[in-house]
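The structure file run_27.txt is reproduced below (compact mmCIF, C-alpha atoms).
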# COMPACT_ATOMS: atom_id res chain seq x y z
CA MET E 92 -10.38 -17.26 8.89
CA LEU E 93 -7.65 -15.52 10.89
CA LYS E 94 -4.25 -16.97 11.76
CA GLU E 95 -1.25 -15.56 13.63
CA ILE E 96 2.23 -16.68 12.57
CA THR E 97 5.53 -15.94 14.31
CA ILE E 98 8.80 -15.22 12.51
CA GLN E 99 12.36 -14.61 13.66
CA THR E 100 14.51 -12.08 11.82
CA ASN E 101 18.31 -12.22 11.87
CA THR E 102 19.72 -8.83 10.93
CA GLN E 103 18.82 -5.13 11.14
CA THR E 104 17.27 -4.88 7.68
CA GLN E 105 16.16 -8.02 5.88
CA ILE E 106 13.50 -9.37 3.54
CA LEU E 107 12.18 -12.88 4.25
CA ASP E 108 9.98 -14.87 1.85
CA ILE E 109 6.79 -16.00 3.66
CA THR E 110 4.85 -17.19 0.60
CA ALA E 111 4.86 -20.89 1.52
CA GLN E 112 3.55 -20.20 5.03
CA VAL E 113 0.73 -17.97 3.74
CA GLN E 114 -0.19 -20.46 0.99
CA LYS E 115 -0.39 -23.20 3.67
CA VAL E 116 -2.89 -21.10 5.66
CA VAL E 117 -4.97 -20.67 2.51
CA GLU E 118 -4.94 -24.43 1.85
CA GLU E 119 -5.80 -25.32 5.45
CA SER E 120 -8.70 -22.84 5.43
CA GLY E 121 -10.38 -24.76 2.59
CA ILE E 122 -11.55 -21.40 1.20
CA MET E 123 -11.88 -21.67 -2.58
CA ARG E 124 -12.51 -18.04 -3.55
CA GLY E 125 -11.87 -14.74 -1.81
CA LEU E 126 -9.21 -12.28 -0.74
CA CYS E 127 -6.18 -12.98 1.44
CA CYS E 128 -4.83 -10.11 3.56
CA VAL E 129 -1.40 -10.38 5.21
CA PHE E 130 -1.16 -7.81 8.02
CA ILE E 131 1.96 -6.81 10.01
CA PRO E 132 1.20 -5.61 13.59
CA HIS E 133 4.55 -3.79 13.95
CA THR E 134 5.63 -0.19 13.25
CA THR E 135 9.21 -0.92 12.14
CA ALA E 136 8.48 -3.81 9.77
CA GLY E 137 6.34 -4.11 6.65
CA VAL E 138 5.21 -6.47 3.91
CA THR E 139 5.48 -6.30 0.13
CA ILE E 140 5.17 -8.53 -2.92
CA ASN E 141 8.23 -8.90 -5.12
CA GLU E 142 10.48 -11.38 -6.93
CA ASN E 143 10.73 -14.87 -5.43
CA ALA E 144 13.47 -16.16 -7.76
CA ASP E 145 16.81 -14.32 -7.68
CA PRO E 146 17.59 -13.35 -4.02
CA SER E 147 19.65 -10.38 -5.25
CA VAL E 148 16.38 -8.51 -5.87
CA LYS E 149 15.59 -8.60 -2.13
CA GLN E 150 19.15 -7.39 -1.40
CA ASP E 151 18.79 -4.51 -3.84
CA ILE E 152 15.45 -3.41 -2.35
CA VAL E 153 16.95 -3.37 1.16
CA MET E 154 20.15 -1.63 0.00
CA GLU E 155 18.34 1.12 -1.91
CA LEU E 156 15.75 1.78 0.83
CA ASN E 157 18.61 2.11 3.34
CA LYS E 158 20.26 4.61 0.98
CA VAL E 159 17.16 6.73 0.26
CA ILE E 160 16.10 6.78 3.95
CA PRO E 161 19.41 7.07 5.88
CA PHE E 162 19.71 5.50 9.35
CA ASN E 163 20.80 8.89 10.71
CA ASP E 164 19.31 12.14 9.41
CA ASN E 165 18.72 14.53 12.34
CA TYR E 166 15.60 12.63 13.39
CA SER E 167 13.71 13.76 16.52
CA HIS E 168 12.62 10.32 17.80
CA LEU E 169 15.03 9.47 20.62
CA GLU E 170 14.73 5.70 20.24
CA GLY E 171 17.05 5.97 17.22
CA ASN E 172 14.96 3.89 14.81
CA SER E 173 13.09 6.58 12.88
CA ALA E 174 14.46 5.30 9.56
CA ALA E 175 12.77 1.95 10.28
CA HIS E 176 9.42 3.66 10.98
CA ILE E 177 9.66 5.67 7.75
CA LYS E 178 10.54 2.61 5.64
CA ALA E 179 7.60 0.73 7.22
CA SER E 180 5.19 3.43 6.02
CA ILE E 181 6.72 3.57 2.54
CA ILE E 182 6.45 -0.21 2.07
CA GLY E 183 3.16 -0.61 3.94
CA SER E 184 1.74 -2.89 6.62
CA SER E 185 -0.49 -5.14 4.50
CA VAL E 186 -0.84 -6.82 1.12
CA ASN E 187 -3.97 -8.29 -0.46
CA ILE E 188 -3.98 -11.21 -2.85
CA PRO E 189 -7.02 -12.73 -4.59
CA VAL E 190 -7.71 -16.39 -3.78
CA LYS E 191 -8.84 -18.72 -6.61
CA ASN E 192 -9.32 -22.51 -6.41
CA ASN E 193 -7.92 -22.52 -2.85
CA ASN E 194 -4.67 -20.89 -4.09
CA LEU E 195 -3.05 -17.48 -3.83
CA LEU E 196 -3.40 -15.85 -7.26
CA LEU E 197 0.22 -14.67 -7.40
CA GLY E 198 2.09 -14.03 -10.63
CA THR E 199 4.83 -16.43 -11.74
CA TRP E 200 7.65 -14.44 -10.17
CA GLN E 201 5.79 -13.04 -7.17
CA GLY E 202 6.48 -13.93 -3.55
CA ILE E 203 5.21 -12.40 -0.30
CA CYS E 204 8.08 -10.65 1.50
CA PHE E 205 8.23 -9.85 5.21
CA CYS E 206 10.38 -6.69 5.53
CA GLU E 207 12.38 -6.24 8.74
CA PHE E 208 13.67 -2.69 9.21
CA ASP E 209 14.72 -2.74 12.89
CA GLY E 210 15.92 -6.25 13.70
CA PRO E 211 16.87 -8.75 14.67
CA ARG E 212 13.58 -9.37 16.50
CA ASN E 213 10.84 -11.89 17.17
CA ARG E 214 8.00 -10.78 14.91
CA LYS E 215 4.55 -11.95 13.94
CA TYR E 216 2.00 -11.41 11.20
CA PHE E 217 -1.67 -12.15 10.64
CA VAL E 218 -3.28 -13.90 7.68
CA LYS E 219 -6.95 -12.98 7.26
CA ILE E 220 -8.89 -14.69 4.49
CA ILE E 221 -12.22 -13.26 3.30
CA GLU E 222 -14.42 -15.90 1.64
CA ASN E 223 -16.40 -14.38 -1.23
CA MET A 230 -16.30 -11.88 -8.83
CA LEU A 231 -12.82 -12.09 -10.36
CA LYS A 232 -11.77 -10.78 -13.76
CA GLU A 233 -8.46 -10.72 -15.61
CA ILE A 234 -7.71 -7.79 -17.92
CA THR A 235 -4.78 -7.40 -20.29
CA ILE A 236 -2.98 -4.14 -20.97
CA GLN A 237 -0.17 -3.09 -23.32
CA THR A 238 2.40 -0.55 -22.14
CA ASN A 239 4.42 1.57 -24.56
CA THR A 240 7.51 2.89 -22.82
CA GLN A 241 9.96 1.93 -20.05
CA THR A 242 8.19 3.87 -17.29
CA GLN A 243 4.60 4.95 -17.74
CA ILE A 244 1.35 5.45 -15.84
CA LEU A 245 -1.87 4.40 -17.58
CA ASP A 246 -5.38 5.26 -16.34
CA ILE A 247 -7.44 2.05 -16.00
CA THR A 248 -10.40 3.55 -14.08
CA ALA A 249 -12.96 3.09 -16.87
CA GLN A 250 -12.04 -0.59 -17.32
CA VAL A 251 -12.29 -1.30 -13.58
CA GLN A 252 -15.58 0.61 -13.27
CA LYS A 253 -16.96 -1.48 -16.17
CA VAL A 254 -16.11 -4.69 -14.27
CA VAL A 255 -17.93 -3.33 -11.21
CA GLU A 256 -21.01 -2.48 -13.30
CA GLU A 257 -21.05 -5.86 -15.07
CA SER A 258 -20.77 -7.67 -11.72
CA GLY A 259 -24.04 -6.16 -10.56
CA ILE A 260 -22.54 -5.94 -7.05
CA MET A 261 -24.12 -3.00 -5.22
CA ARG A 262 -21.96 -2.83 -2.07
CA GLY A 263 -18.52 -4.15 -1.21
CA LEU A 264 -14.81 -3.70 -1.78
CA CYS A 265 -12.98 -3.71 -5.12
CA CYS A 266 -9.36 -4.89 -5.14
CA VAL A 267 -7.15 -4.29 -8.20
CA PHE A 268 -4.16 -6.66 -8.07
CA ILE A 269 -1.04 -6.58 -10.29
CA PRO A 270 0.59 -10.03 -10.78
CA HIS A 271 3.96 -8.57 -11.84
CA THR A 272 7.12 -7.65 -9.91
CA THR A 273 8.19 -4.67 -12.02
CA ALA A 274 4.82 -2.92 -12.24
CA GLY A 275 2.42 -1.56 -9.64
CA VAL A 276 -0.88 0.23 -9.13
CA THR A 277 -1.79 3.47 -7.38
CA ILE A 278 -4.63 5.96 -7.14
CA ASN A 279 -3.91 9.54 -8.17
CA GLU A 280 -5.15 12.48 -10.25
CA ASN A 281 -7.21 11.66 -13.34
CA ALA A 282 -7.45 15.20 -14.72
CA ASP A 283 -4.13 16.90 -15.62
CA PRO A 284 -1.83 14.26 -17.23
CA SER A 285 1.24 16.22 -16.01
CA VAL A 286 0.66 14.73 -12.52
CA LYS A 287 1.32 11.22 -13.89
CA GLN A 288 4.46 12.54 -15.66
CA ASP A 289 5.73 14.14 -12.45
CA ILE A 290 5.19 10.94 -10.44
CA VAL A 291 7.15 8.91 -13.00
CA MET A 292 9.91 11.56 -13.30
CA GLU A 293 10.43 11.88 -9.55
CA LEU A 294 10.37 8.12 -8.86
CA ASN A 295 12.98 7.65 -11.60
CA LYS A 296 15.09 10.34 -9.89
CA VAL A 297 14.79 9.00 -6.32
CA ILE A 298 15.39 5.39 -7.42
CA PRO A 299 18.05 5.66 -10.17
CA PHE A 300 18.09 3.10 -13.01
CA ASN A 301 21.73 2.35 -12.18
CA ASP A 302 22.99 2.32 -8.60
CA ASN A 303 25.43 -0.58 -8.11
CA TYR A 304 22.57 -3.08 -7.94
CA SER A 305 23.37 -6.80 -7.58
CA HIS A 306 20.52 -8.20 -9.70
CA LEU A 307 22.08 -9.09 -13.06
CA GLU A 308 18.89 -8.67 -15.09
CA GLY A 309 19.44 -4.89 -14.86
CA ASN A 310 15.91 -3.95 -13.75
CA SER A 311 16.35 -3.62 -9.98
CA ALA A 312 15.08 -0.04 -10.02
CA ALA A 313 11.80 -1.33 -11.46
CA HIS A 314 11.48 -3.93 -8.69
CA ILE A 315 12.15 -1.30 -6.01
CA LYS A 316 9.61 1.16 -7.46
CA ALA A 317 7.03 -1.66 -7.61
CA SER A 318 7.42 -2.26 -3.86
CA ILE A 319 7.28 1.46 -3.05
CA ILE A 320 4.06 1.98 -5.05
CA GLY A 321 2.50 -1.39 -4.19
CA SER A 322 0.81 -4.22 -6.05
CA SER A 323 -2.82 -3.59 -5.10
CA VAL A 324 -5.38 -0.88 -4.33
CA ASN A 325 -8.74 -1.26 -2.60
CA ILE A 326 -11.75 0.93 -3.30
CA PRO A 327 -15.14 0.75 -1.56
CA VAL A 328 -18.11 -0.04 -3.86
CA LYS A 329 -21.41 1.80 -3.28
CA ASN A 330 -24.54 1.66 -5.47
CA ASN A 331 -22.65 -0.46 -8.03
CA ASN A 332 -19.99 2.27 -8.39
CA LEU A 333 -16.37 2.73 -7.34
CA LEU A 334 -16.39 5.22 -4.45
CA LEU A 335 -13.51 7.29 -5.85
CA GLY A 336 -12.98 10.96 -5.04
CA THR A 337 -13.67 13.60 -7.70
CA TRP A 338 -10.07 13.78 -8.90
CA GLN A 339 -9.09 10.14 -8.33
CA GLY A 340 -8.27 7.63 -11.04
CA ILE A 341 -6.77 4.13 -10.85
CA CYS A 342 -3.27 4.15 -12.35
CA PHE A 343 -1.40 1.12 -13.73
CA CYS A 344 2.32 1.85 -13.19
CA GLU A 345 4.78 0.34 -15.67
CA PHE A 346 8.38 0.40 -14.44
CA ASP A 347 10.06 -2.02 -16.88
CA GLY A 348 8.26 -1.73 -20.19
CA PRO A 349 7.17 -1.79 -22.84
CA ARG A 350 5.43 -5.12 -22.12
CA ASN A 351 2.21 -7.05 -22.36
CA ARG A 352 0.78 -6.87 -18.84
CA LYS A 353 -2.35 -7.95 -17.00
CA TYR A 354 -4.19 -7.19 -13.78
CA PHE A 355 -6.98 -8.76 -11.75
CA VAL A 356 -10.14 -7.11 -10.47
CA LYS A 357 -11.59 -8.92 -7.44
CA ILE A 358 -14.86 -7.62 -6.02
CA ILE A 359 -15.96 -8.65 -2.52
CA GLU A 360 -19.76 -8.34 -2.05
CA ASN A 361 -20.56 -7.23 1.49
CA MET K 263 -20.95 -1.11 6.64
CA LEU K 264 -19.65 2.14 5.13
CA LYS K 265 -19.14 5.42 6.95
CA GLU K 266 -17.81 8.82 5.85
CA ILE K 267 -15.88 10.91 8.35
CA THR K 268 -14.69 14.50 7.94
CA ILE K 269 -11.39 15.83 9.24
CA GLN K 270 -9.76 19.27 9.31
CA THR K 271 -6.00 19.56 8.78
CA ASN K 272 -4.02 22.54 10.06
CA THR K 273 -0.73 22.78 8.18
CA GLN K 274 0.74 21.96 4.75
CA THR K 275 2.13 18.53 5.73
CA GLN K 276 0.83 16.79 8.82
CA ILE K 277 0.01 13.35 10.21
CA LEU K 278 -3.13 13.05 12.35
CA ASP K 279 -4.03 9.98 14.43
CA ILE K 280 -7.53 8.76 13.49
CA THR K 281 -7.43 5.40 15.33
CA ALA K 282 -10.08 6.28 17.94
CA GLN K 283 -12.53 7.44 15.27
CA VAL K 284 -12.07 4.28 13.17
CA GLN K 285 -12.30 2.03 16.24
CA LYS K 286 -15.59 3.75 17.15
CA VAL K 287 -17.00 2.94 13.68
CA VAL K 288 -16.00 -0.71 14.19
CA GLU K 289 -17.72 -0.81 17.61
CA GLU K 290 -20.89 0.87 16.35
CA SER K 291 -21.08 -1.57 13.42
CA GLY K 292 -21.38 -4.51 15.81
CA ILE K 293 -19.28 -6.55 13.36
CA MET K 294 -17.30 -9.17 15.29
CA ARG K 295 -14.97 -10.54 12.57
CA GLY K 296 -13.83 -9.17 9.24
CA LEU K 297 -11.61 -6.65 7.54
CA CYS K 298 -11.66 -2.89 8.02
CA CYS K 299 -10.57 -0.72 5.08
CA VAL K 300 -9.83 2.99 5.58
CA PHE K 301 -9.96 4.76 2.20
CA ILE K 302 -8.88 8.34 1.40
CA PRO K 303 -10.78 9.93 -1.54
CA HIS K 304 -8.12 12.60 -2.16
CA THR K 305 -5.06 12.73 -4.45
CA THR K 306 -2.81 14.84 -2.19
CA ALA K 307 -3.41 12.99 1.09
CA GLY K 308 -2.86 9.39 2.17
CA VAL K 309 -3.16 6.97 5.07
CA THR K 310 -0.62 4.78 6.82
CA ILE K 311 -0.19 2.78 10.01
CA ASN K 312 2.63 3.77 12.34
CA GLU K 313 3.56 4.55 15.93
CA ASN K 314 0.82 5.98 18.14
CA ALA K 315 3.01 6.71 21.18
CA ASP K 316 5.87 9.20 20.66
CA PRO K 317 4.62 12.03 18.36
CA SER K 318 8.20 12.62 17.16
CA VAL K 319 7.83 9.56 14.90
CA LYS K 320 5.06 11.31 12.94
CA GLN K 321 7.26 14.43 12.70
CA ASP K 322 10.21 12.40 11.40
CA ILE K 323 8.06 10.68 8.75
CA VAL K 324 6.77 14.04 7.49
CA MET K 325 10.24 15.67 7.63
CA GLU K 326 11.96 12.86 5.72
CA LEU K 327 9.24 12.53 3.06
CA ASN K 328 9.47 16.31 2.48
CA LYS K 329 13.24 15.90 2.07
CA VAL K 330 13.17 12.89 -0.29
CA ILE K 331 10.37 14.41 -2.43
CA PRO K 332 11.19 18.15 -2.56
CA PHE K 333 8.35 20.70 -2.84
CA ASN K 334 10.04 22.15 -5.93
CA ASP K 335 11.83 19.92 -8.44
CA ASN K 336 11.08 21.14 -11.98
CA TYR K 337 7.65 19.55 -11.91
CA SER K 338 5.33 19.97 -14.93
CA HIS K 339 2.01 20.20 -13.05
CA LEU K 340 1.14 23.91 -12.95
CA GLU K 341 -0.93 23.73 -9.76
CA GLY K 342 2.36 23.58 -7.82
CA ASN K 343 1.47 20.60 -5.61
CA SER K 344 3.15 17.74 -7.48
CA ALA K 345 5.19 16.78 -4.41
CA ALA K 346 1.93 16.18 -2.53
CA HIS K 347 0.61 13.93 -5.33
CA ILE K 348 3.85 11.92 -5.35
CA LYS K 349 3.88 11.48 -1.55
CA ALA K 350 0.23 10.36 -1.67
CA SER K 351 1.15 7.55 -4.09
CA ILE K 352 4.21 6.51 -2.05
CA ILE K 353 2.20 6.29 1.21
CA GLY K 354 -0.99 4.96 -0.39
CA SER K 355 -4.70 5.73 -0.26
CA SER K 356 -5.92 2.85 1.90
CA VAL K 357 -5.01 0.57 4.80
CA ASN K 358 -6.61 -2.74 5.77
CA ILE K 359 -6.82 -4.04 9.33
CA PRO K 360 -8.30 -7.36 10.45
CA VAL K 361 -11.27 -7.10 12.86
CA LYS K 362 -11.50 -9.58 15.75
CA ASN K 363 -14.02 -9.54 18.61
CA ASN K 364 -15.42 -6.21 17.35
CA ASN K 365 -11.94 -4.62 17.63
CA LEU K 366 -9.26 -3.46 15.21
CA LEU K 367 -6.44 -6.03 15.42
CA LEU K 368 -3.69 -3.40 15.64
CA GLY K 369 -0.30 -4.05 17.25
CA THR K 370 0.52 -2.46 20.61
CA TRP K 371 2.25 0.57 19.10
CA GLN K 372 0.18 0.91 15.95
CA GLY K 373 -2.14 3.80 15.15
CA ILE K 374 -3.95 4.76 11.93
CA CYS K 375 -2.46 7.98 10.54
CA PHE K 376 -4.19 10.38 8.15
CA CYS K 377 -1.41 12.00 6.08
CA GLU K 378 -1.99 15.54 4.80
CA PHE K 379 0.44 16.57 2.06
CA ASP K 380 -1.24 19.71 0.66
CA GLY K 381 -3.07 21.37 3.55
CA PRO K 382 -4.54 22.93 5.43
CA ARG K 383 -7.83 21.61 4.04
CA ASN K 384 -11.19 20.12 4.91
CA ARG K 385 -10.76 16.42 4.20
CA LYS K 386 -12.75 13.22 4.54
CA TYR K 387 -12.18 9.48 4.60
CA PHE K 388 -14.30 6.34 4.34
CA VAL K 389 -14.36 3.36 6.69
CA LYS K 390 -15.63 0.21 4.98
CA ILE K 391 -15.99 -2.93 7.11
CA ILE K 392 -16.30 -6.35 5.46
CA GLU K 393 -18.01 -8.91 7.74
CA ASN K 394 -16.50 -12.36 7.24

Using structure tokens, write down the structure that the file contains.
Amino acid sequence: MLKEITIQTNTQTQILDITAQVQKVVEESGIMRGLCCVFIPHTTAGVTINENADPSVKQDIVMELNKVIPFNDNYSHLEGNSAAHIKASIIGSSVNIPVKNNNLLLGTWQGICFCEFDGPRNRKYFVKIIEN
Amino acid sequence: MLKEITIQTNTQTQILDITAQVQKVVEESGIMRGLCCVFIPHTTAGVTINENADPSVKQDIVMELNKVIPFNDNYSHLEGNSAAHIKASIIGSSVNIPVKNNNLLLGTWQGICFCEFDGPRNRKYFVKIIEN
Amino acid sequence: MLKEITIQTNTQTQILDITAQVQKVVEESGIMRGLCCVFIPHTTAGVTINENADPSVKQDIVMELNKVIPFNDNYSHLEGNSAAHIKASIIGSSVNIPVKNNNLLLGTWQGICFCEFDGPRNRKYFVKIIEN
């Protein structure tokens, strides 16, 4: 089971909750047990799992990453978006979540977060579900 | 094969070696070949793979993460644990290890490390083994 | 399908593109659909996915990680390579890429990057492919 989903980001750095979309793919697959991998095919965006309740957590993650990895820091890459590439590697390009009873086995406060580091852009991600 | 394991942490930030517990789940599963995923269902804890020999490595990882991501830094999230959320996303919520001959295919010095960033707490993690 | 590949690094911190080698393992496996996991069995090296085109991106990632996690910072670990251990946990020890039509489903600009943080050394990594 492999599905491609498109997503539009709105600002330069932003975290968007994609949990409902991924859960829908799991449900439509009919797969009861396995592992769900969300994969980002971009080099200036990433994916993480974090709090789905208070939106200020997403703001704080973005704010602090932008502080630790400054937008300008004598980078060599002439395109000017090295900070976005570095943040993408720190956060990572995939997450894996166990699937149980046709549901993502997320904790109570967990959501799947698409991380834009060089937007706004039209983006996409893949959901691959291993049945096992 | 999916198993839930509970764990008790003792301090605010702490790395605990869970390799033996995960290896036991692999052995009890009887699965000879596949992929083992350790998944943390929390938003202020994570999991990584690092040195299992000298405990000072775990101390240095915790010390440096606490330095790079300060506990207080004008965060918006009112609960006061934004640094823990940020560290969880930097370290990640899952690790994957190949399984060969009913064993985790870890390197000589590698151990699986549960990372507490907002303890002490009662925590849990899932071990999902894909047979393939 | 599990394969071990050796790699030689040349400097203390370095990112090497291993995409062609991993893609070759996928092709030789004959597996049409699934998930490919690249796993690093070391505690001072990691693996990430990032730009495969302009090599200055790899340089900037290495430069900035070396800046954020200094080589010397009152670490406890007497071996003197704590910074390498910390960077390994920040970057991570595995990546997962969907496999479609016997190909890695990487984005246009994505490559798989072996990250050396305590070289030069003889290293190795595992490619595990789940067919599903």

Exercise for the section: Pick out the chain A residues within 7 Å of chain E. Count only C-alpha atoms. Give them as a PyMOL selection string. Expected result: chain A and resi 268+270-272+304-306+311+314-315+318-319+322-323+357+359-360

Residues as selected, C-alpha atoms, written as an mmCIF file, keeping the file's coordinate frame, can you do that?
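Output file again.cif follows:
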data_model
loop_
_atom_site.group_PDB
_atom_site.id
_atom_site.type_symbol
_atom_site.label_atom_id
_atom_site.label_comp_id
_atom_site.auth_asym_id
_atom_site.auth_seq_id
_atom_site.Cartn_x
_atom_site.Cartn_y
_atom_site.Cartn_z
ATOM 1 C CA PHE A 268 -4.160 -6.660 -8.070
ATOM 2 C CA PRO A 270 0.590 -10.030 -10.780
ATOM 3 C CA HIS A 271 3.960 -8.570 -11.840
ATOM 4 C CA THR A 272 7.120 -7.650 -9.910
ATOM 5 C CA TYR A 304 22.570 -3.080 -7.940
ATOM 6 C CA SER A 305 23.370 -6.800 -7.580
ATOM 7 C CA HIS A 306 20.520 -8.200 -9.700
ATOM 8 C CA SER A 311 16.350 -3.620 -9.980
ATOM 9 C CA HIS A 314 11.480 -3.930 -8.690
ATOM 10 C CA ILE A 315 12.150 -1.300 -6.010
ATOM 11 C CA SER A 318 7.420 -2.260 -3.860
ATOM 12 C CA ILE A 319 7.280 1.460 -3.050
ATOM 13 C CA SER A 322 0.810 -4.220 -6.050
ATOM 14 C CA SER A 323 -2.820 -3.590 -5.100
ATOM 15 C CA LYS A 357 -11.590 -8.920 -7.440
ATOM 16 C CA ILE A 359 -15.960 -8.650 -2.520
ATOM 17 C CA GLU A 360 -19.760 -8.340 -2.050
#

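Going from atom CA of Asp335 of chain K to atom CA of Phe300 of chain A covers 18.5 Å.
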
Determine, counting only C-alpha atoms, which protein, DNA and RNA residues have an atom within 6 Å of an atom of segment 237-252 of chain A; residues of the same chain fewer than 6 positions away are not included. Present the result as a PDB file with C-alpha atoms, in the frame of the given file.
ATOM      1  CA  GLY A 340      -8.270   7.630 -11.040  1.00  0.00           C
ATOM      2  CA  ILE A 341      -6.770   4.130 -10.850  1.00  0.00           C
ATOM      3  CA  CYS A 342      -3.270   4.150 -12.350  1.00  0.00           C
ATOM      4  CA  PHE A 343      -1.400   1.120 -13.730  1.00  0.00           C
ATOM      5  CA  CYS A 344       2.320   1.850 -13.190  1.00  0.00           C
ATOM      6  CA  GLU A 345       4.780   0.340 -15.670  1.00  0.00           C
ATOM      7  CA  PHE A 346       8.380   0.400 -14.440  1.00  0.00           C
ATOM      8  CA  ASP A 347      10.060  -2.020 -16.880  1.00  0.00           C
ATOM      9  CA  GLY A 348       8.260  -1.730 -20.190  1.00  0.00           C
ATOM     10  CA  PRO A 349       7.170  -1.790 -22.840  1.00  0.00           C
ATOM     11  CA  ARG A 350       5.430  -5.120 -22.120  1.00  0.00           C
ATOM     12  CA  ASN A 351       2.210  -7.050 -22.360  1.00  0.00           C
ATOM     13  CA  ARG A 352       0.780  -6.870 -18.840  1.00  0.00           C
TER      14      ARG A 352
END

Practice task
Tell me, in Å to one decimal, how far atom CA of Phe217 of chain E is from atom CA of Thr97 of chain E.
Solution key: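 Straight-line distance from atom CA of Phe217 of chain E to atom CA of Thr97 of chain E works out to 8.9 Å.
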
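Here atom CA of Lys115 of chain E stands at a distance of 21.8 Å from atom CA of Leu231 of chain A.
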